[in-house]
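Colleague: Next up, work_23.pdb (PDB, C-alpha atoms, pLDDT in the B column).
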```
MODEL        1
ATOM      1  CA  GLU E   1       7.422  55.952 103.081  1.00 57.00           C
ATOM      2  CA  ALA E   2      10.010  53.845 101.273  1.00 57.00           C
ATOM      3  CA  ALA E   3       8.988  50.203 100.997  1.00 91.00           C
ATOM      4  CA  VAL E   4      12.476  48.966 100.061  1.00 96.00           C
ATOM      5  CA  THR E   5      15.266  50.392 102.179  1.00 96.00           C
ATOM      6  CA  GLN E   6      18.952  49.854 101.577  1.00 97.00           C
ATOM      7  CA  SER E   7      21.809  50.478 103.951  1.00 97.00           C
ATOM      8  CA  PRO E   8      24.310  51.921 103.876  1.00 97.00           C
ATOM      9  CA  ARG E   9      23.664  54.416 101.090  1.00 96.00           C
ATOM     10  CA  ASN E  10      27.359  54.945 100.564  1.00 97.00           C
ATOM     11  CA  LYS E  11      30.293  52.742 101.488  1.00 97.00           C
ATOM     12  CA  VAL E  12      34.034  52.936 101.028  1.00 97.00           C
ATOM     13  CA  ALA E  13      35.837  49.644 101.535  1.00 97.00           C
ATOM     14  CA  VAL E  14      39.400  48.425 101.277  1.00 97.00           C
ATOM     15  CA  THR E  15      40.515  45.700  98.920  1.00 97.00           C
ATOM     16  CA  GLY E  16      40.302  42.336 100.636  1.00 97.00           C
ATOM     17  CA  GLY E  17      37.868  43.538 103.244  1.00 97.00           C
ATOM     18  CA  LYS E  18      34.401  42.164 103.919  1.00 97.00           C
ATOM     19  CA  VAL E  19      31.387  44.224 102.912  1.00 98.00           C
ATOM     20  CA  THR E  20      27.744  43.592 103.751  1.00 98.00           C
ATOM     21  CA  LEU E  21      24.954  45.456 101.997  1.00 98.00           C
ATOM     22  CA  SER E  22      21.563  45.233 103.632  1.00 98.00           C
ATOM     23  CA  CYS E  23      18.063  45.472 102.244  1.00 98.00           C
ATOM     24  CA  ASN E  24      14.743  45.590 104.040  1.00 98.00           C
ATOM     25  CA  GLN E  25      11.303  45.527 102.416  1.00 97.00           C
ATOM     26  CA  THR E  26       7.876  46.153 103.900  1.00 95.00           C
ATOM     27  CA  ASN E  27       5.963  45.065 100.784  1.00 90.00           C
ATOM     28  CA  ASN E  28       5.594  41.499 102.073  1.00 90.00           C
ATOM     29  CA  HIS E  29       6.928  40.289  98.729  1.00 91.00           C
ATOM     30  CA  ASN E  30       8.341  36.810  98.437  1.00 90.00           C
ATOM     31  CA  ASN E  31      10.932  37.688  95.826  1.00 91.00           C
ATOM     32  CA  MET E  32      13.961  39.870  96.391  1.00 94.00           C
ATOM     33  CA  TYR E  33      16.860  40.752  94.104  1.00 95.00           C
ATOM     34  CA  TRP E  34      20.298  42.308  94.077  1.00 97.00           C
ATOM     35  CA  TYR E  35      21.440  44.112  90.933  1.00 97.00           C
ATOM     36  CA  ARG E  36      24.522  46.122  90.154  1.00 97.00           C
ATOM     37  CA  GLN E  37      24.661  49.045  87.779  1.00 96.00           C
ATOM     38  CA  ASP E  38      27.829  50.284  86.163  1.00 94.00           C
ATOM     39  CA  THR E  39      28.206  53.449  84.144  1.00 83.00           C
ATOM     40  CA  GLY E  40      26.668  53.074  80.728  1.00 73.00           C
ATOM     41  CA  HIS E  41      25.158  49.708  81.515  1.00 77.00           C
ATOM     42  CA  GLY E  42      21.832  48.389  82.556  1.00 86.00           C
ATOM     43  CA  LEU E  43      21.061  46.389  85.650  1.00 93.00           C
ATOM     44  CA  ARG E  44      22.808  43.054  86.018  1.00 93.00           C
ATOM     45  CA  LEU E  45      21.428  40.445  88.376  1.00 93.00           C
ATOM     46  CA  ILE E  46      23.760  39.130  91.077  1.00 96.00           C
ATOM     47  CA  HIS E  47      21.559  37.032  93.387  1.00 96.00           C
ATOM     48  CA  TYR E  48      17.884  36.647  94.067  1.00 93.00           C
ATOM     49  CA  SER E  49      15.585  34.900  96.500  1.00 93.00           C
ATOM     50  CA  TYR E  50      12.122  33.349  96.411  1.00 89.00           C
ATOM     51  CA  GLY E  51      11.625  33.582 100.148  1.00 92.00           C
ATOM     52  CA  ALA E  52      13.201  33.253 103.561  1.00 95.00           C
ATOM     53  CA  GLY E  53      16.055  30.779 103.560  1.00 95.00           C
ATOM     54  CA  SER E  54      16.423  30.655  99.779  1.00 94.00           C
ATOM     55  CA  THR E  55      19.043  32.239  97.564  1.00 96.00           C
ATOM     56  CA  GLU E  56      19.680  31.744  93.865  1.00 94.00           C
ATOM     57  CA  LYS E  57      22.545  32.756  91.625  1.00 94.00           C
ATOM     58  CA  GLY E  58      21.858  35.412  89.059  1.00 91.00           C
ATOM     59  CA  ASP E  59      23.855  36.261  85.975  1.00 90.00           C
ATOM     60  CA  ILE E  60      27.018  37.569  87.696  1.00 94.00           C
ATOM     61  CA  PRO E  61      27.278  35.837  91.105  1.00 97.00           C
ATOM     62  CA  ASP E  62      31.050  35.378  91.283  1.00 97.00           C
ATOM     63  CA  GLY E  63      32.579  37.167  94.262  1.00 97.00           C
ATOM     64  CA  TYR E  64      29.212  37.652  95.984  1.00 98.00           C
ATOM     65  CA  LYS E  65      27.141  35.756  98.507  1.00 98.00           C
ATOM     66  CA  ALA E  66      23.569  36.407  99.559  1.00 98.00           C
ATOM     67  CA  SER E  67      21.551  35.750 102.658  1.00 98.00           C
ATOM     68  CA  ARG E  68      17.775  35.833 103.193  1.00 98.00           C
ATOM     69  CA  PRO E  69      17.151  35.251 106.887  1.00 97.00           C
ATOM     70  CA  SER E  70      13.568  36.509 106.807  1.00 97.00           C
ATOM     71  CA  GLN E  71      10.815  37.659 104.451  1.00 95.00           C
ATOM     72  CA  GLU E  72      11.839  41.262 104.998  1.00 97.00           C
ATOM     73  CA  ASN E  73      15.625  41.122 104.820  1.00 98.00           C
ATOM     74  CA  PHE E  74      18.047  40.250 102.045  1.00 98.00           C
ATOM     75  CA  SER E  75      21.786  40.881 102.321  1.00 98.00           C
ATOM     76  CA  LEU E  76      24.576  40.916  99.771  1.00 98.00           C
ATOM     77  CA  ILE E  77      27.993  39.918 101.065  1.00 98.00           C
ATOM     78  CA  LEU E  78      31.356  40.584  99.516  1.00 97.00           C
ATOM     79  CA  GLU E  79      33.756  38.366 101.457  1.00 95.00           C
ATOM     80  CA  LEU E  80      36.898  39.713  99.787  1.00 97.00           C
ATOM     81  CA  ALA E  81      36.092  43.007  98.115  1.00 97.00           C
ATOM     82  CA  THR E  82      37.954  43.949  94.948  1.00 97.00           C
ATOM     83  CA  PRO E  83      38.129  47.262  93.039  1.00 97.00           C
ATOM     84  CA  SER E  84      36.133  45.660  90.205  1.00 96.00           C
ATOM     85  CA  GLN E  85      33.183  45.498  92.582  1.00 97.00           C
ATOM     86  CA  THR E  86      33.037  49.278  92.764  1.00 97.00           C
ATOM     87  CA  SER E  87      29.521  49.985  91.547  1.00 97.00           C
ATOM     88  CA  VAL E  88      26.028  51.042  92.500  1.00 97.00           C
ATOM     89  CA  TYR E  89      23.994  48.223  93.980  1.00 98.00           C
ATOM     90  CA  PHE E  90      20.216  48.070  93.907  1.00 97.00           C
ATOM     91  CA  CYS E  91      17.938  45.845  95.902  1.00 97.00           C
ATOM     92  CA  ALA E  92      14.410  45.146  94.715  1.00 95.00           C
ATOM     93  CA  SER E  93      11.373  43.181  95.781  1.00 94.00           C
ATOM     94  CA  GLY E  94       8.943  41.508  93.394  1.00 89.00           C
ATOM     95  CA  ASP E  95       5.196  41.325  93.803  1.00 77.00           C
ATOM     96  CA  ASP E  96       4.667  37.767  92.674  1.00 71.00           C
ATOM     97  CA  LEU E  97       6.345  35.103  90.647  1.00 59.00           C
ATOM     98  CA  LEU E  98       3.907  35.316  87.734  1.00 62.00           C
ATOM     99  CA  VAL E  99       4.139  38.986  86.868  1.00 70.00           C
ATOM    100  CA  ASN E 100       6.958  40.137  89.137  1.00 71.00           C
ATOM    101  CA  THR E 101       6.858  43.899  88.882  1.00 83.00           C
ATOM    102  CA  LEU E 102       9.924  45.055  90.789  1.00 89.00           C
ATOM    103  CA  TYR E 103      10.109  47.820  93.375  1.00 92.00           C
ATOM    104  CA  PHE E 104      13.578  49.189  93.920  1.00 95.00           C
ATOM    105  CA  GLY E 105      15.516  50.621  96.808  1.00 96.00           C
ATOM    106  CA  ALA E 106      17.436  53.866  96.462  1.00 95.00           C
ATOM    107  CA  GLY E 107      20.746  52.140  95.799  1.00 96.00           C
ATOM    108  CA  THR E 108      24.091  51.801  97.579  1.00 97.00           C
ATOM    109  CA  ARG E 109      27.179  53.375  96.092  1.00 96.00           C
ATOM    110  CA  LEU E 110      30.177  51.168  96.895  1.00 97.00           C
ATOM    111  CA  SER E 111      33.771  52.158  96.291  1.00 97.00           C
ATOM    112  CA  VAL E 112      36.491  49.583  96.844  1.00 97.00           C
ATOM    113  CA  LEU E 113      39.922  51.151  97.112  1.00 96.00           C
TER     114      LEU E 113
ATOM    115  CA  ALA D   1      19.226  32.840  77.057  1.00 69.00           C
ATOM    116  CA  GLN D   2      16.765  35.676  77.108  1.00 82.00           C
ATOM    117  CA  LYS D   3      17.987  38.994  75.840  1.00 91.00           C
ATOM    118  CA  VAL D   4      16.711  42.556  75.793  1.00 95.00           C
ATOM    119  CA  THR D   5      18.208  45.115  73.418  1.00 96.00           C
ATOM    120  CA  GLN D   6      17.749  48.868  73.398  1.00 96.00           C
ATOM    121  CA  THR D   7      19.535  50.228  70.362  1.00 94.00           C
ATOM    122  CA  GLN D   8      19.031  53.911  71.081  1.00 96.00           C
ATOM    123  CA  THR D   9      21.687  55.091  73.500  1.00 94.00           C
ATOM    124  CA  SER D  10      20.241  58.580  73.804  1.00 96.00           C
ATOM    125  CA  ILE D  11      17.394  60.684  72.445  1.00 97.00           C
ATOM    126  CA  SER D  12      16.808  64.418  72.670  1.00 97.00           C
ATOM    127  CA  VAL D  13      13.415  66.014  72.087  1.00 97.00           C
ATOM    128  CA  VAL D  14      11.690  69.333  72.570  1.00 97.00           C
ATOM    129  CA  GLU D  15       9.106  69.408  75.317  1.00 97.00           C
ATOM    130  CA  LYS D  16       5.451  68.816  74.470  1.00 97.00           C
ATOM    131  CA  THR D  17       6.386  66.536  71.587  1.00 97.00           C
ATOM    132  CA  THR D  18       6.024  62.747  71.356  1.00 97.00           C
ATOM    133  CA  VAL D  19       8.957  60.378  71.662  1.00 97.00           C
ATOM    134  CA  THR D  20       9.255  56.659  70.980  1.00 97.00           C
ATOM    135  CA  MET D  21      11.931  54.460  72.512  1.00 98.00           C
ATOM    136  CA  ASP D  22      12.676  51.105  70.954  1.00 97.00           C
ATOM    137  CA  CYS D  23      13.216  47.732  72.562  1.00 98.00           C
ATOM    138  CA  VAL D  24      13.511  44.269  71.077  1.00 98.00           C
ATOM    139  CA  TYR D  25      13.708  41.034  72.988  1.00 97.00           C
ATOM    140  CA  GLU D  26      14.509  37.378  72.521  1.00 95.00           C
ATOM    141  CA  THR D  27      12.671  34.611  74.276  1.00 91.00           C
ATOM    142  CA  ARG D  28      11.558  31.031  73.796  1.00 89.00           C
ATOM    143  CA  ASP D  29       8.705  31.424  76.253  1.00 87.00           C
ATOM    144  CA  SER D  30       5.181  31.382  74.856  1.00 86.00           C
ATOM    145  CA  SER D  31       3.963  33.674  77.621  1.00 87.00           C
ATOM    146  CA  TYR D  32       5.986  36.501  79.097  1.00 90.00           C
ATOM    147  CA  PHE D  33       5.795  39.980  80.586  1.00 92.00           C
ATOM    148  CA  LEU D  34       7.505  43.135  79.379  1.00 95.00           C
ATOM    149  CA  PHE D  35       8.207  46.207  81.464  1.00 95.00           C
ATOM    150  CA  TRP D  36       9.508  49.725  81.222  1.00 97.00           C
ATOM    151  CA  TYR D  37      11.270  51.367  84.142  1.00 96.00           C
ATOM    152  CA  LYS D  38      12.489  54.927  84.585  1.00 97.00           C
ATOM    153  CA  GLN D  39      15.646  55.968  86.408  1.00 96.00           C
ATOM    154  CA  THR D  40      15.721  59.614  87.435  1.00 95.00           C
ATOM    155  CA  ALA D  41      18.778  61.801  87.891  1.00 93.00           C
ATOM    156  CA  SER D  42      18.724  61.012  91.598  1.00 91.00           C
ATOM    157  CA  GLY D  43      19.148  57.333  90.778  1.00 91.00           C
ATOM    158  CA  GLU D  44      15.655  56.290  91.784  1.00 93.00           C
ATOM    159  CA  ILE D  45      14.232  53.460  89.656  1.00 95.00           C
ATOM    160  CA  VAL D  46      10.478  53.306  89.262  1.00 93.00           C
ATOM    161  CA  PHE D  47       8.124  51.010  87.396  1.00 93.00           C
ATOM    162  CA  LEU D  48       6.205  52.724  84.597  1.00 95.00           C
ATOM    163  CA  ILE D  49       4.162  50.286  82.555  1.00 95.00           C
ATOM    164  CA  ARG D  50       3.760  46.597  81.736  1.00 94.00           C
ATOM    165  CA  GLN D  51       2.619  44.552  78.724  1.00 95.00           C
ATOM    166  CA  ASP D  52       1.396  40.983  79.077  1.00 92.00           C
ATOM    167  CA  SER D  53       2.329  38.983  75.990  1.00 92.00           C
ATOM    168  CA  TYR D  54      -1.079  37.307  75.716  1.00 91.00           C
ATOM    169  CA  LYS D  55      -2.884  40.650  75.488  1.00 92.00           C
ATOM    170  CA  LYS D  56      -3.382  42.132  72.039  1.00 91.00           C
ATOM    171  CA  GLU D  57      -4.236  45.629  73.176  1.00 95.00           C
ATOM    172  CA  ASN D  58      -1.372  47.972  73.954  1.00 96.00           C
ATOM    173  CA  ALA D  59      -0.995  49.046  77.569  1.00 95.00           C
ATOM    174  CA  THR D  60      -1.492  52.714  78.460  1.00 96.00           C
ATOM    175  CA  VAL D  61      -0.811  54.519  81.723  1.00 94.00           C
ATOM    176  CA  GLY D  62      -1.129  58.297  81.814  1.00 94.00           C
ATOM    177  CA  HIS D  63       1.021  59.762  79.055  1.00 95.00           C
ATOM    178  CA  TYR D  64       2.912  56.481  78.635  1.00 97.00           C
ATOM    179  CA  SER D  65       1.806  53.876  76.124  1.00 97.00           C
ATOM    180  CA  LEU D  66       3.313  50.832  74.499  1.00 98.00           C
ATOM    181  CA  ASN D  67       3.610  49.718  70.910  1.00 97.00           C
ATOM    182  CA  PHE D  68       3.665  45.939  71.224  1.00 97.00           C
ATOM    183  CA  GLN D  69       4.522  44.129  67.991  1.00 96.00           C
ATOM    184  CA  LYS D  70       4.716  40.483  68.960  1.00 95.00           C
ATOM    185  CA  PRO D  71       5.764  39.108  65.539  1.00 94.00           C
ATOM    186  CA  LYS D  72       8.731  41.476  65.627  1.00 96.00           C
ATOM    187  CA  SER D  73       9.503  40.810  69.314  1.00 96.00           C
ATOM    188  CA  SER D  74       9.316  44.537  69.835  1.00 97.00           C
ATOM    189  CA  ILE D  75       7.960  46.646  72.683  1.00 98.00           C
ATOM    190  CA  GLY D  76       8.315  50.376  72.120  1.00 98.00           C
ATOM    191  CA  LEU D  77       7.600  52.996  74.784  1.00 98.00           C
ATOM    192  CA  ILE D  78       5.730  56.087  73.619  1.00 98.00           C
ATOM    193  CA  ILE D  79       5.662  59.229  75.723  1.00 98.00           C
ATOM    194  CA  THR D  80       3.232  61.872  74.540  1.00 97.00           C
ATOM    195  CA  ALA D  81       3.323  65.555  75.486  1.00 96.00           C
ATOM    196  CA  THR D  82       6.779  65.213  76.969  1.00 97.00           C
ATOM    197  CA  GLN D  83       7.790  67.339  79.929  1.00 96.00           C
ATOM    198  CA  ILE D  84      11.164  68.453  81.194  1.00 96.00           C
ATOM    199  CA  GLU D  85      10.788  66.082  84.139  1.00 96.00           C
ATOM    200  CA  ASP D  86      10.541  63.136  81.750  1.00 97.00           C
ATOM    201  CA  SER D  87      14.287  63.498  81.258  1.00 97.00           C
ATOM    202  CA  ALA D  88      15.703  60.244  82.622  1.00 97.00           C
ATOM    203  CA  VAL D  89      17.094  56.868  81.653  1.00 96.00           C
ATOM    204  CA  TYR D  90      14.480  54.399  80.478  1.00 97.00           C
ATOM    205  CA  PHE D  91      14.987  50.664  80.805  1.00 97.00           C
ATOM    206  CA  CYS D  92      13.115  47.913  79.039  1.00 97.00           C
ATOM    207  CA  ALA D  93      12.894  44.569  80.847  1.00 95.00           C
ATOM    208  CA  MET D  94      11.470  41.112  80.310  1.00 93.00           C
ATOM    209  CA  ARG D  95      10.365  38.532  82.842  1.00 88.00           C
ATOM    210  CA  GLU D  96      11.786  35.066  82.413  1.00 77.00           C
ATOM    211  CA  ASN D  97      10.061  31.852  83.423  1.00 75.00           C
ATOM    212  CA  THR D  98      12.254  31.694  86.519  1.00 74.00           C
ATOM    213  CA  GLY D  99      10.883  35.029  87.663  1.00 75.00           C
ATOM    214  CA  LYS D 100      14.079  36.898  86.884  1.00 79.00           C
ATOM    215  CA  LEU D 101      13.898  40.191  85.060  1.00 85.00           C
ATOM    216  CA  THR D 102      16.420  40.810  82.297  1.00 89.00           C
ATOM    217  CA  PHE D 103      17.094  44.463  81.574  1.00 93.00           C
ATOM    218  CA  GLY D 104      18.302  46.325  78.509  1.00 94.00           C
ATOM    219  CA  ASP D 105      21.153  48.819  78.763  1.00 94.00           C
ATOM    220  CA  GLY D 106      18.819  51.809  78.804  1.00 95.00           C
ATOM    221  CA  THR D 107      18.047  54.887  76.706  1.00 96.00           C
ATOM    222  CA  VAL D 108      18.857  58.362  77.980  1.00 96.00           C
ATOM    223  CA  LEU D 109      16.035  60.773  77.221  1.00 98.00           C
ATOM    224  CA  THR D 110      16.665  64.508  77.343  1.00 97.00           C
ATOM    225  CA  VAL D 111      13.667  66.804  77.060  1.00 97.00           C
ATOM    226  CA  LYS D 112      14.612  70.387  76.207  1.00 97.00           C
ATOM    227  CA  PRO D 113      12.508  73.543  76.570  1.00 95.00           C
TER     228      PRO D 113
ENDMDL
END
```
Would you mind giving the structure from this file in structure tokens?

Modeller:
Amino acid sequence: EAAVTQSPRNKVAVTGGKVTLSCNQTNNHNNMYWYRQDTGHGLRLIHYSYGAGSTEKGDIPDGYKASRPSQENFSLILELATPSQTSVYFCASGDDLLVNTLYFGAGTRLSVL
Amino acid sequence: AQKVTQTQTSISVVEKTTVTMDCVYETRDSSYFLFWYKQTASGEIVFLIRQDSYKKENATVGHYSLNFQKPKSSIGLIITATQIEDSAVYFCAMRENTGKLTFGDGTVLTVKP
């Protein structure tokens, strides 16, 4: 069964609305990540976390917040969604800080109209 | 800042042949980890293989192997006896000291009958 689960899988939002993307992992990994992927581009890091209660800014954090209330759950929050945030979002968990092989969720396709 | 570059946007090969995908990286770290991930047509992203910078021998997993040339900051992915189902996007990534993974923009591999 999937060890990293994202919800929803698809989301249509209106400009200016609030969007929350959720991620749950059963790997018992300390590290969790949110990436976005745009057509023709690789994965760009938005926020990440080293454990419950911690969040860190990635390379493109503007317009996004993150929340890690527990080891298993990591959310990405768009307080005021904009069309430029239309993308595919991937959550991942990392096995340990030293090596950090990532295990990805299936992705969430977000469209902001 | 750490950087990962994949210069080949796309590659097309005939099945059962060998393909090499290039990746070069920039880092100031003396010890680091390099990864290759595969993204299938369904969007699923899976870990393929890893190279630890302090190891001289090239990593091999199944029909995937790496060509690690440390002086050139290069980590090529070699797929032998390619199959149709190897068609996918392949991402090179490098672990930073912070634990973050920086990804390249990917190489699209098409394997034709």

Colleague: Do you know which residues are at most 9 Å from segment 61-76 of chain E counting only C-alpha atoms, after dropping those on the same chain fewer than 6 positions away, and could you put them as a list in words?

Modeller: Val19, Thr20, Leu21, Ser22, Cys23, Asn24, Gln25, Thr26, Asn27, Asn28, His29, Asn30, Asn31, Met32, Tyr33, Trp34, Leu45, Ile46, His47, Tyr48, Ser49, Gly51, Ala52, Gly53, Ser54, Thr55, Thr82, Gln85 and Cys91 of chain E

Colleague: List as CSV every residue of chain D that is in contact with chain E, defined as an atom at most 8 Å from one of its atoms (using only C-alpha atoms), together with the nearest atom pair and the distance in Å rounded to one decimal, sorted by chain and then rising number.

Modeller:
```
residue,atom,partner,partner_atom,distance
D:Phe33,CA,E:Val99,CA,6.6
D:Phe35,CA,E:Thr101,CA,7.9
D:Gly43,CA,E:Ala106,CA,6.9
D:Glu44,CA,E:Ala106,CA,5.6
D:Ile45,CA,E:Phe104,CA,6.1
D:Val46,CA,E:Tyr103,CA,6.9
D:Phe47,CA,E:Tyr103,CA,7.1
D:Phe91,CA,E:Gly42,CA,7.4
D:Arg95,CA,E:Asn100,CA,7.3
D:Thr98,CA,E:Leu97,CA,8.0
D:Gly99,CA,E:Leu97,CA,5.4
D:Thr102,CA,E:Arg44,CA,7.7
D:Phe103,CA,E:Leu43,CA,6.0
D:Gly104,CA,E:Gly42,CA,5.8
D:Asp105,CA,E:Gly42,CA,3.9
D:Gly106,CA,E:Gly42,CA,5.9
```

Colleague: For a test of reading the model, state the distance in Å between atom CA of Met21 of chain D and atom CA of Asp38 of chain E, rounded to one decimal.

Modeller: 21.4 Å

Colleague: I need the output of the PyMOL selection byres ((chain D and resi 80) around 8) for this file as a VMD selection string; which residues are they?

Modeller: chain D and resid 16 to 19 63 to 64 78 to 79 81 to 82

Colleague: To one decimal in Å, tell me the separation between atom CA of Asp86 of chain D and atom CA of Ala59 of chain D.

Modeller: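 Result for atom CA of Asp86 of chain D versus atom CA of Ala59 of chain D: 18.7 Å, one decimal.
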
Colleague: Between E:Ser87, E:Lys57, E:Thr39, E:Glu79, which one has atoms that come closest to Ser111 of chain E, using all atoms listed in the file?

Modeller: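 That would be E:Ser87, the residue with the smallest distance to Ser111 of chain E.
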
Colleague: Taking the file above as input, evaluate the PyMOL selection byres ((chain E and resi 13) around 9) and report the hits as number ranges by chain.

Modeller: E: 11-12, 14-19, 81-82, 110-113
